[in-house]
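> Take a look at this one; I'll ask things after.
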There are 2 protein chains.
Amino acid sequence: MALIVQKFGGTSVATIERIKHVATHVQRELAAGHQVIVVVSAMAGVTNQLLDYCAQMNDLVSDAARANCDHVSAAGEQITSGLLALHLQSLGIPSRAWCGWQIPLSSDSMYTKARIDRIDTVAISQSLAEGNVAVIAGFQGISPEGRITTLGRGGSDTSAVAIAAAFNAEVCDIYTDVDGVYTCDPRIVTKARKLEKVSYEEMLEMASLGSKVLQTRSVELAMNYKVRVRVRSTFDEALGTLLVDEEEIVEQQRVTGLAYSRDEARITLVNVENRPGVSAAIFGPLAERGINVDMIVQNVTEDGKSTDLTFTVSKGDLARALEIVKGGNMPKFESVHTDSNVAKVSVIGVGMRSHAGVAADMFKTLAEKNINIIVISTSEIKISVLIEESYIELALRALHTAYGLDAAEEK
Amino acid sequence: MALIVQKFGGTSVATIERIKHVATHVQRELAAGHQVIVVVSAMAGVTNQLLDYCAQMNDLVSDAARANCDHVSAAGEQITSGLLALHLQSLGIPSRAWCGWQIPLSSDSMYTKARIDRIDTVAISQSLAEGNVAVIAGFQGISPEGRITTLGRGGSDTSAVAIAAAFNAEVCDIYTDVDGVYTCDPRIVTKARKLEKVSYEEMLEMASLGSKVLQTRSVELAMNYKVRVRVRSTFDEALGTLLVDEEEIVEQQRVTGLAYSRDEARITLVNVENRPGVSAAIFGPLAERGINVDMIVQNVTEDGKSTDLTFTVSKGDLARALEIVKGGNMPKFESVHTDSNVAKVSVIGVGMRSHAGVAADMFKTLAEKNINIIVISTSEIKISVLIEESYIELALRALHTAYGLDAAEEK
């Protein structure tokens, strides 16, 4: 008998009918002799509505206000957990709903984006031993002050993985509206293949690069606690994609998948004075205003006296970033150019560590298609390039074929 | 400095704008130097929707299911309490939202209709002392098992009165969509007057007779703990009607008010065998099936061998009651007659204890209007008669005038 943690996202519990459907996955695992802990999100749209109500009441700047906001927004998951438990009971499956504070799932006091400190397993273990399915409201915990906290957007993924770790679960199944992790977005690359396994590190890069399957934090957590996480579809029985340790992937491909992001804008500062502290003087004020800078490239000019500095921000931050750069207290520069018609393409794979030439192949493939590379940035298991946005589909398809990722032709 | 408890019902917090309006009542009491505890209901319609969701999931017969149902339905008040606290904060009023379990408001384990055992005042008293307004989610508590309970329909009134008692509040203001308790329903009797004071006992009779201003249980609680409850309108500043001890009403009228109920149906069993245990044999099975019998009259025939038995039930229970009466295991009777075109009119007043002739005046007034009395039932402070439903308005207006309750003519 193993313990299985199942997590169902907002679209999986969007309606009464869908909540009822979720029970089929619980029944299947029980029939196989397993114990089941279910973690649920709020019905799709509910959390947004509650947060919208809160925003109509308060600017939510103060900690005290954010604490009251969590008191409101945690209600969505509470409702879903009770409803699923009720349906399971009506099928003859003993079942109990749990709020975060009842477990308790203890967090810090960073309301609206709390971090989990500790999960008590005593009460739920006893309930499981009595034959109950535990249906837990995701996204929420309790602060040292005894108030309700929430774990930030996508927090139910984090709840599920943390609970799987605390209970030493055999697997943490993340049920969602896609059936797994693909080599690339199938809406763009029709030959994209579903991956059976993907390493935590690769998944982390994909998550942070815009593949919205799993919240980055939950992947980090899974990696740290070696939780076997499986991304699978609520709407069928297929096993989806398993997140595992790098070592478990026996035959590593050079490249596991491609990710992309259209939400990029480029800023280039021309002829910035070149002296120590210049980068800090530019990027410090941006960070203070909460603007996330992604790629950064700097080239010193021949005389060494000045430099061209290019960096990217999200499209929504471009105007504000420009304002800051043009404002006071900045190093001297000659001019500033911006471009929001850019996109980022990334090649990801733990195999890069042992296979050479991945970058060279990328540049060659893009060159053959006459796609100009604006910025390059690399990590151990990833190469990202910034290109003109209109070339994004062409680039992804060409790279997908070049790295041998295309699915075999359908017969 | 006094402590004021304010309770706002579902229509008073039905929208974001109305929740914001509620703050004006809090501000006024704070400006007068008082401490304020607010108890809120769910936004109008929310609890019904949550209970409807639950009913779609489960028949809610088992205790375990009702516990999960409470887990769902308590969310409505949680949301409102957080939103009001947020709005107060945005007005510069320090404020904290409280769930029942955070107080804690301890109840028994009768899920969906729990009774309050104890209210801890330590945590909220400390929060008040720190200058916060406490905004409490009504309708909910926590069971000895640590699960969320709800106090049954209208439970927020009960929460508010119990909290006022526990904190020894100066007054418990029940804000609602009417501006007080009237001598009679103003939609029927246009000359009805608002009462400045009404005794707990009278309010109890009115509540149980269909004046839906306050939940019966909350009035009982107020009476037992001598809580000064004031029924007043959310939409103006008028003081409404104060519930007080009988002794506080110095000049008692013979009759304080009139109540009525259209939800009555009559059942008459003709020539029931007259032997000991007959009543128990008839009303036992009805009670077991949850059918509430109101008025009961029995007349023995001249020979003493049989009796005619008339009783009333609510219109919705008539068919089921008839089924039970006609089913097996009943005493012998000749025939059964039913009538659902009946209604109950009641005259209420603690003054009846000291003033004679109230009943005689009632019968005389109805006789003058040619209204036939089908059943009479009396208590110490109430006389109720069952009449043909079509005469109800006529009866109420005639009695209102006869007992001198009419408002003075508007100038």
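For the structure tokens, the naming scheme is as follows: chains receive sequential letters (A, B, ...) according to their order of presentation, residues are indexed from 1 within each chain, and ligands are indexed from 1 in presentation order.
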Tell me the residues of chain A close to chain B, meaning within 10 Å using only C-alpha atoms, as a PyMOL selection string.
chain A and resi 15-17+19-20+50-51+53-60+62+64-91+94-99+101-102+146-148
> With DSSP run on the backbone, what are the helix (DSSP H, G or I) residues within region 62-288 of chain A? I'd like them as number ranges by chain.
A: 63-73, 75-90, 100-102, 122-129, 155-166, 200-208, 216-225, 246-248, 278-288
> Kindly save the residues from that selection, with C-alpha atoms included, as a PDB file, in the first residue's frame.

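Writing the result to result_39.pdb gives the following:
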ATOM      1  CA  ASP A  63       0.976  43.748   5.918  1.00  0.00           C
ATOM      2  CA  ALA A  64      -2.179  44.109   7.998  1.00  0.00           C
ATOM      3  CA  ALA A  65      -4.244  44.522   4.825  1.00  0.00           C
ATOM      4  CA  ARG A  66      -2.592  41.574   3.127  1.00  0.00           C
ATOM      5  CA  ALA A  67      -3.447  39.426   6.152  1.00  0.00           C
ATOM      6  CA  ASN A  68      -7.135  40.319   5.729  1.00  0.00           C
ATOM      7  CA  CYS A  69      -6.804  39.667   1.996  1.00  0.00           C
ATOM      8  CA  ASP A  70      -5.558  36.125   2.665  1.00  0.00           C
ATOM      9  CA  HIS A  71      -8.515  35.637   5.018  1.00  0.00           C
ATOM     10  CA  VAL A  72     -10.720  36.288   1.968  1.00  0.00           C
ATOM     11  CA  SER A  73      -8.835  34.576  -0.836  1.00  0.00           C
ATOM     12  CA  ALA A  75     -12.067  30.697   0.925  1.00  0.00           C
ATOM     13  CA  GLY A  76     -12.018  29.438  -2.677  1.00  0.00           C
ATOM     14  CA  GLU A  77      -9.966  26.314  -1.957  1.00  0.00           C
ATOM     15  CA  GLN A  78     -11.920  25.696   1.252  1.00  0.00           C
ATOM     16  CA  ILE A  79     -15.128  25.481  -0.793  1.00  0.00           C
ATOM     17  CA  THR A  80     -13.712  23.081  -3.397  1.00  0.00           C
ATOM     18  CA  SER A  81     -12.191  20.769  -0.798  1.00  0.00           C
ATOM     19  CA  GLY A  82     -15.518  20.426   1.024  1.00  0.00           C
ATOM     20  CA  LEU A  83     -17.442  19.793  -2.191  1.00  0.00           C
ATOM     21  CA  LEU A  84     -15.080  17.063  -3.384  1.00  0.00           C
ATOM     22  CA  ALA A  85     -15.163  15.389   0.044  1.00  0.00           C
ATOM     23  CA  LEU A  86     -18.977  15.464  -0.086  1.00  0.00           C
ATOM     24  CA  HIS A  87     -19.053  13.828  -3.509  1.00  0.00           C
ATOM     25  CA  LEU A  88     -16.589  11.124  -2.476  1.00  0.00           C
ATOM     26  CA  GLN A  89     -18.789  10.377   0.545  1.00  0.00           C
ATOM     27  CA  SER A  90     -21.832  10.044  -1.687  1.00  0.00           C
ATOM     28  CA  GLY A 100      -4.502  24.571   5.922  1.00  0.00           C
ATOM     29  CA  TRP A 101      -4.901  25.615   9.571  1.00  0.00           C
ATOM     30  CA  GLN A 102      -6.435  22.258  10.486  1.00  0.00           C
ATOM     31  CA  VAL A 122      -0.190  13.559  12.810  1.00  0.00           C
ATOM     32  CA  ALA A 123      -3.849  14.493  12.339  1.00  0.00           C
ATOM     33  CA  ILE A 124      -4.068  13.568   8.662  1.00  0.00           C
ATOM     34  CA  SER A 125      -2.139  10.323   9.172  1.00  0.00           C
ATOM     35  CA  GLN A 126      -4.656   9.309  11.790  1.00  0.00           C
ATOM     36  CA  SER A 127      -7.555  10.203   9.511  1.00  0.00           C
ATOM     37  CA  LEU A 128      -5.977   8.196   6.662  1.00  0.00           C
ATOM     38  CA  ALA A 129      -5.461   5.253   9.022  1.00  0.00           C
ATOM     39  CA  GLY A 155       0.415  27.947  -4.506  1.00  0.00           C
ATOM     40  CA  SER A 156      -1.661  24.777  -4.719  1.00  0.00           C
ATOM     41  CA  ASP A 157       1.144  23.110  -6.709  1.00  0.00           C
ATOM     42  CA  THR A 158       3.506  24.067  -3.916  1.00  0.00           C
ATOM     43  CA  SER A 159       1.071  22.762  -1.271  1.00  0.00           C
ATOM     44  CA  ALA A 160       0.792  19.438  -3.075  1.00  0.00           C
ATOM     45  CA  VAL A 161       4.528  18.902  -3.509  1.00  0.00           C
ATOM     46  CA  ALA A 162       5.263  19.961   0.088  1.00  0.00           C
ATOM     47  CA  ILE A 163       2.566  17.619   1.397  1.00  0.00           C
ATOM     48  CA  ALA A 164       3.921  14.767  -0.752  1.00  0.00           C
ATOM     49  CA  ALA A 165       7.361  15.429   0.754  1.00  0.00           C
ATOM     50  CA  ALA A 166       6.055  15.617   4.330  1.00  0.00           C
ATOM     51  CA  TYR A 200      13.857  18.696 -12.211  1.00  0.00           C
ATOM     52  CA  GLU A 201      16.560  21.032 -13.546  1.00  0.00           C
ATOM     53  CA  GLU A 202      15.116  20.990 -17.043  1.00  0.00           C
ATOM     54  CA  MET A 203      11.610  21.506 -15.719  1.00  0.00           C
ATOM     55  CA  LEU A 204      12.821  24.456 -13.682  1.00  0.00           C
ATOM     56  CA  GLU A 205      14.235  26.088 -16.800  1.00  0.00           C
ATOM     57  CA  MET A 206      11.053  25.377 -18.735  1.00  0.00           C
ATOM     58  CA  ALA A 207       8.836  26.706 -15.943  1.00  0.00           C
ATOM     59  CA  SER A 208      10.844  29.899 -15.603  1.00  0.00           C
ATOM     60  CA  THR A 216       8.676  27.278 -10.440  1.00  0.00           C
ATOM     61  CA  ARG A 217       8.570  27.111  -6.646  1.00  0.00           C
ATOM     62  CA  SER A 218       6.891  23.726  -6.644  1.00  0.00           C
ATOM     63  CA  VAL A 219       9.580  22.332  -8.978  1.00  0.00           C
ATOM     64  CA  GLU A 220      12.343  23.664  -6.707  1.00  0.00           C
ATOM     65  CA  LEU A 221      10.631  22.039  -3.756  1.00  0.00           C
ATOM     66  CA  ALA A 222      10.262  18.730  -5.604  1.00  0.00           C
ATOM     67  CA  MET A 223      13.936  18.839  -6.523  1.00  0.00           C
ATOM     68  CA  ASN A 224      15.070  19.591  -2.971  1.00  0.00           C
ATOM     69  CA  TYR A 225      12.975  16.833  -1.423  1.00  0.00           C
ATOM     70  CA  GLU A 246      18.881  13.658 -13.637  1.00  0.00           C
ATOM     71  CA  GLU A 247      20.431  10.265 -12.874  1.00  0.00           C
ATOM     72  CA  GLU A 248      17.158   8.472 -13.503  1.00  0.00           C
ATOM     73  CA  VAL A 278      28.227  51.235 -13.731  1.00  0.00           C
ATOM     74  CA  SER A 279      26.166  48.041 -13.870  1.00  0.00           C
ATOM     75  CA  ALA A 280      25.125  48.373 -10.253  1.00  0.00           C
ATOM     76  CA  ALA A 281      24.163  52.005 -10.835  1.00  0.00           C
ATOM     77  CA  ILE A 282      21.876  50.996 -13.702  1.00  0.00           C
ATOM     78  CA  PHE A 283      20.354  47.740 -12.470  1.00  0.00           C
ATOM     79  CA  GLY A 284      20.031  48.705  -8.795  1.00  0.00           C
ATOM     80  CA  PRO A 285      17.259  51.272  -9.367  1.00  0.00           C
ATOM     81  CA  LEU A 286      15.438  48.887 -11.716  1.00  0.00           C
ATOM     82  CA  ALA A 287      15.450  46.108  -9.104  1.00  0.00           C
ATOM     83  CA  GLU A 288      14.290  48.490  -6.394  1.00  0.00           C
TER      84      GLU A 288
END
> Can you pull out every residue within 8 Å of region 296-303 of chain B, counting only C-alpha atoms, but drop anything in the same chain fewer than 2 positions away, and send it as a PyMOL selection string?
chain B and resi 274+293-294+305-312+375-377
> Could you give me, as JSON, numbers by chain, the residues within 9 Å of Thr378 (chain A), counting only C-alpha atoms and dropping anything in the same chain fewer than 6 positions from it?
{"A": [359, 384, 385]}
> For region 224-297 of chain A against region 340-349 of chain A, with a cut-off of 6 Å and counting only C-alpha atoms, what is the closest atom pair and its distance in Å to one decimal for every residue that makes the cut, ordered by chain and number, as CSV?

residue,atom,partner,partner_atom,distance
A:Val255,CA,A:Gly349,CA,4.3
A:Thr256,CA,A:Gly349,CA,4.6
A:Gly257,CA,A:Ile348,CA,5.4
A:Leu258,CA,A:Val347,CA,4.8
A:Ala259,CA,A:Ser346,CA,5.1
A:Tyr260,CA,A:Val345,CA,4.4
A:Ser261,CA,A:Lys344,CA,5.2
A:Arg262,CA,A:Ala343,CA,4.5
A:Glu264,CA,A:Ala343,CA,5.5
A:Ala265,CA,A:Ser340,CA,4.2
> Rounded to one decimal, what separation in Å do you get between CA of Val272 (chain A) and CA of Glu334 (chain A)?
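Computing the Euclidean distance for CA of Val272 (chain A) and CA of Glu334 (chain A) yields 6.6 Å.
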> Once DSSP has gone over the backbone, tell me which residues of region 189-398 of chain B are in strand (DSSP E or B), as a PyMOL selection string.
chain B and resi 194+197-199+229-233+241-244+257-273+296-300+306-313+335-348+375-379+382-388
> By how many Å are CA of Glu380 (chain B) and CA of Thr183 (chain B) apart?
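Pair CA of Glu380 (chain B) / CA of Thr183 (chain B) returns 18.5 Å.
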